[in-house]
Structures are given as structure tokens and as C-alpha cells.
Amino acid sequence: MSRVSIQAEDFDPAAELAALEASGGGGVASFTGIVRGEGGLVALELEHYPAMTTAQVERIVGQALDRWPLLGVRVIHRHGRLEPGERIVFVGTASRHRTAALEACAFLIDWLKSEAPFWKKEHFADRTQWVEARAEDDAKAESWKR
Amino acid sequence: MSRVSIQAEDFDPAAELAALEASGGGGVASFTGIVRGEGGLVALELEHYPAMTTAQVERIVGQALDRWPLLGVRVIHRHGRLEPGERIVFVGTASRHRTAALEACAFLIDWLKSEAPFWKKEHFADRTQWVEARAEDDAKAESWKR
Amino acid sequence: MADLTLVYFAWVREAIGRDEEQVARPAPDVTIGALIATLAARGGGHGEAFARPEKLRAALDQRFVPLDSAIGEAKELAIFPPVTGG
Amino acid sequence: MADLTLVYFAWVREAIGRDEEQVARPAPDVTIGALIATLAARGGGHGEAFARPEKLRAALDQRFVPLDSAIGEAKELAIFPPVTGG
């Protein structure tokens, strides 16, 4: 069971966890990304490439399913304008084994952070700026290819 | 902010996640362990060493706080009789950085699985048996000491 | 054969002032990098967006490819900064 | 000095038939392993629980220690199988 949503709306991590807990695995791992309100940030604006995003995320979920014995995978990525404290992204995994659930969760969020076709723009009171890609994120995603 | 509970009662992962999301970090990682109903298991019985358990878990949470820049840690471990599908354990972590949240979560659950003073007895329709320790779990916990 | 559709994201889109445009299809062996250089020579928004190719990434028909890839028969070429998702 | 309190868990507790008992305090340099051997020699539940010391683990005053540790001045000695938490 795997499901990917790219959406503007917020989501409910509790409902997602409940579905994963019901998948019959012994362990459920999750990661939720939240907008940080540092440096006077007023909002983040997330742009994406709709023709590409869902297909790409589904492809990487397929890789995770090939690599780990997962009973459930759920990925949600929001786009549009998000304010500090709002959720951006959710990855949840269920498996009989805790290590599989935790590793697959880390793999998916590393990939989403470094290779999914999303671009973030920071809005401050007096200016806006596009976030620059971080070499560290690329290195994380690269480490899974070893 | 860190909190440890050793309890017979069930817990609500949603409420725990909500508290962690509010801790100001950019990422919240969690792991929930569930009783698997394999091989005709009717129930698990978890015994622990009350004089030791909370102190030991608080010590290891302290190690996680020393090792990763965490804004929140929550550990819940149940004892008593648990049926298949019931939650046994919850670890939740919040950090500015996703890698810190994910690694600390994996570290804590590996430790709980291999070194916390809990013993599991499996109840089947016609017999009971104490679960034997798995060398694999010890190796996982050991790997964090490198 | 039909024109090539270019799609732009993030500051590339903002500099050019549109999220999509059609251009005359180049020969199949023309690379993305060469097309970008041609477009940069128009100046204006294109000149600004494409001034530093090392800051650009591309996808051909929704697949990430290096800038030295030939455009071939692709229908859609996307040009954008390195992704910053999640 | 007061007696030593022994506490048992899991199948050690079940074999002995109680979760706690007092024993006469041994000399401080007696190891946990030596005390276990003495208790095993009682036979019955103690004999069964302590037949295979390699299957046992211990804690002195709520700290895990190896079986070759001296009991010293500890108040409480816990004896149990390897833990299987979580």
C-alpha cells in the first residue's frame, strides 16, 4: 500500500499514522517537516513542476519498496504559500521491522529534500528571496546510492 | 523539553506529535512499535524493572540530547498485557534539522529494544514462552557506540 | 515537427516573466546548453535568466538531464535552478 | 550490615516462584557469579533458574554489571535473562 499526494491543503499526521499502524507491520516511522520562522520569515512559497512531481515521487517510492520490506508508504508534499509552524511534508512508513521503516523514511525525506522538483521562496517583511540548494542535501541523497 | 513515561495505559501518537511539532523545530521524527499478531499470538506480556526503567530511559534520553541538537524528545513504553495491533512503544524527536531528528529517533528505539529492562512473554492459545534476546538488536545498539 | 515547449520555474521564470513559451525546434543534436546560449543572446529577461548556466538545471520531457544532453525529439524542455524541496 | 535483597524477573522469577527475597550478605569481594553458584546449589527453583549462568544478566543497585562483578556494598541485586524490550 503506497500513496503519494502533492497538494496545497494541510494534512492530518494522526490520520496518516493510524492508517499505517493498521497495515499490520510491527513498526511505523514518520517524519513531518515544518516551516521554521527564523530570521523574520513571514511565509514560504513552494513552487513545483506538476507534470513531473507526482511521477518522480512515485518512482522513488517504488525504489523504497524494492529496497525495504515495507507494508505501507505515505508521502505528502504541499505547495503554495505556507507560514511558519505549518507542515510542508510528511513521510510515513510501516514495516515488520523497525530498521526498514526508519531507513526507508530517512531515504524518502532525503530524496524529497534534494531531488524532488520543488523550489522555495522566502518571504520577509521587506523582501523575498529564492532559497539556494544546499550541497549537504545533495550529499545526503547521494549517500543512499552507495 | 524531554519526557519519559513508563505506563500500562495506551497513548495517543497524534497528541505527542502535535506537542513535538509545536517545539519550534523544522522536523519531527517518530517511531511507533505495534504488537504483531503472528503465529497465532494472543497477547504479549511485558514485565519491567520499575526501580530501574525510568532512570535508565532518562539517562539514554540525556545521551541523545548531548549528541544531537534536539528541541524535544518524547519516549513512552508500555508494560503489562498487550494484544496484537496495540501500541507498545513510542519515540518522538524534534529538531531544526531532519537528520538529527531521524538519527536520534533511531538511536533511542534501538536502545529501548536492546537495553531497556523489559522482558516479553508471548501468550498463545495453548502455551506461553519468554521471548529470547536477538543478537541483531544488540548489534544495532552497539553500532551507536562506534 | 512541432515547436519545442520551454517551461521555467523559480527565478528563471521570474526573470523571463513567463512560465512557458514555444521556440522553433532546433536540430536534434543541439544540446540544452547550446540552446540556452542562443536564448541568452536575446538579452532582456532571457539574458538575465541564462547568464550563468552553472546555476541552471534541466529536464527533458519531465526527466532530469545534464545540460550537455542533446534535445533530440523531446516535446518539453524545463529549465530551472537546483531544486530546494521539502 | 543488612541482608542483600535479590530481585528476579521473567523466567528467573517464575522458576524461583517469587519476585524478591533477602539473603545473608556475602563478603564484599564475592562476585555475583559466585553467589549465583551458591544459590544454584540449593536445588529446586533456584537450581533451575541458575543452571546456566551464561543465560543470566544482572544489575547492582539498578545498574547493569557483568556477572564477575563483586557485590560490594550494594543493597539490591537483580538477576534476569537478557532484556527483550520494545
# chains A, B, ... in the order shown; residues from 1 in each chain; ligands from 1
call {"tool": "interface_residues", "arguments": {"of": "chain A", "to": "chain B", "cutoff": "7 Å", "atoms": "only C-alpha atoms", "output": "list in words"}}
result
Ala14, Gly24, Gly25, Gly26, Gly27, Val28, Ala29, Ser30, Phe31, Thr32, Gly33, Ile34, Val35, Arg36, Leu102 and Ala106 of chain A
call {"tool": "residues_around", "arguments": {"residues": "segment 51-59 of chain C", "least_positions_apart": "6", "cutoff": "12 Å", "atoms": "only C-alpha atoms", "output": "PyMOL selection string"}}
result
(chain A and resi 49+51-53+56+115+117+132-133) or (chain C and resi 5-13+15-16+31-45+65-71+74-83)
call {"tool": "residues_around", "arguments": {"residues": "Thr128 of chain A", "least_positions_apart": "6", "cutoff": "10 Å", "atoms": "only C-alpha atoms", "output": "PyMOL selection string"}}
result
chain A and resi 41-45+121-122
call {"tool": "write_last_selection", "arguments": {"atoms": "N, CA, C and O atoms", "output": "PDB file, in the first residue's frame"}}
result
ATOM      1  N   LEU A  41      11.090  35.375   8.977  1.00  0.00           N
ATOM      2  CA  LEU A  41      10.348  34.806   7.848  1.00  0.00           C
ATOM      3  C   LEU A  41       8.837  35.000   8.040  1.00  0.00           C
ATOM      4  O   LEU A  41       8.297  34.695   9.096  1.00  0.00           O
ATOM      5  N   VAL A  42       8.195  35.503   7.001  1.00  0.00           N
ATOM      6  CA  VAL A  42       6.744  35.704   7.044  1.00  0.00           C
ATOM      7  C   VAL A  42       6.034  34.514   6.409  1.00  0.00           C
ATOM      8  O   VAL A  42       4.988  34.077   6.893  1.00  0.00           O
ATOM      9  N   ALA A  43       6.600  33.991   5.337  1.00  0.00           N
ATOM     10  CA  ALA A  43       5.993  32.828   4.665  1.00  0.00           C
ATOM     11  C   ALA A  43       7.004  32.196   3.721  1.00  0.00           C
ATOM     12  O   ALA A  43       7.967  32.839   3.293  1.00  0.00           O
ATOM     13  N   LEU A  44       6.780  30.936   3.432  1.00  0.00           N
ATOM     14  CA  LEU A  44       7.494  30.230   2.357  1.00  0.00           C
ATOM     15  C   LEU A  44       6.510  30.045   1.224  1.00  0.00           C
ATOM     16  O   LEU A  44       5.331  29.782   1.458  1.00  0.00           O
ATOM     17  N   GLU A  45       7.041  30.157   0.006  1.00  0.00           N
ATOM     18  CA  GLU A  45       6.199  29.882  -1.159  1.00  0.00           C
ATOM     19  C   GLU A  45       6.847  28.698  -1.869  1.00  0.00           C
ATOM     20  O   GLU A  45       8.025  28.762  -2.217  1.00  0.00           O
ATOM     21  N   LYS A 121      10.625  29.839  -2.031  1.00  0.00           N
ATOM     22  CA  LYS A 121      10.919  31.273  -1.963  1.00  0.00           C
ATOM     23  C   LYS A 121      10.564  31.766  -0.578  1.00  0.00           C
ATOM     24  O   LYS A 121       9.468  31.484  -0.082  1.00  0.00           O
ATOM     25  N   GLU A 122      11.504  32.475   0.024  1.00  0.00           N
ATOM     26  CA  GLU A 122      11.258  33.010   1.362  1.00  0.00           C
ATOM     27  C   GLU A 122      10.693  34.419   1.266  1.00  0.00           C
ATOM     28  O   GLU A 122      11.237  35.261   0.537  1.00  0.00           O
TER      29      GLU A 122
END
call {"tool": "select_by_dssp", "arguments": {"residues": "segment 18-55 of chain C", "states": "strand (DSSP E)", "output": "list of chain:residue names"}}
result
C:Glu20, C:Glu21, C:Gln22, C:Val23
call {"tool": "write_last_selection", "arguments": {"atoms": "N, CA, C and O atoms", "output": "mmCIF file, in the first residue's frame"}}
result
data_model
loop_
_atom_site.group_PDB
_atom_site.id
_atom_site.type_symbol
_atom_site.label_atom_id
_atom_site.label_comp_id
_atom_site.auth_asym_id
_atom_site.auth_seq_id
_atom_site.Cartn_x
_atom_site.Cartn_y
_atom_site.Cartn_z
ATOM 1 N N GLU C 20 6.112 29.697 -19.528
ATOM 2 C CA GLU C 20 6.148 28.759 -20.657
ATOM 3 C C GLU C 20 6.235 29.554 -21.947
ATOM 4 O O GLU C 20 5.671 30.637 -22.051
ATOM 5 N N GLU C 21 6.952 29.001 -22.922
ATOM 6 C CA GLU C 21 6.913 29.601 -24.260
ATOM 7 C C GLU C 21 7.296 28.555 -25.298
ATOM 8 O O GLU C 21 7.873 27.508 -24.966
ATOM 9 N N GLN C 22 6.947 28.834 -26.552
ATOM 10 C CA GLN C 22 7.316 27.953 -27.658
ATOM 11 C C GLN C 22 8.516 28.563 -28.378
ATOM 12 O O GLN C 22 8.567 29.775 -28.555
ATOM 13 N N VAL C 23 9.449 27.700 -28.771
ATOM 14 C CA VAL C 23 10.537 28.191 -29.635
ATOM 15 C C VAL C 23 10.648 27.264 -30.840
ATOM 16 O O VAL C 23 10.190 26.113 -30.804
#
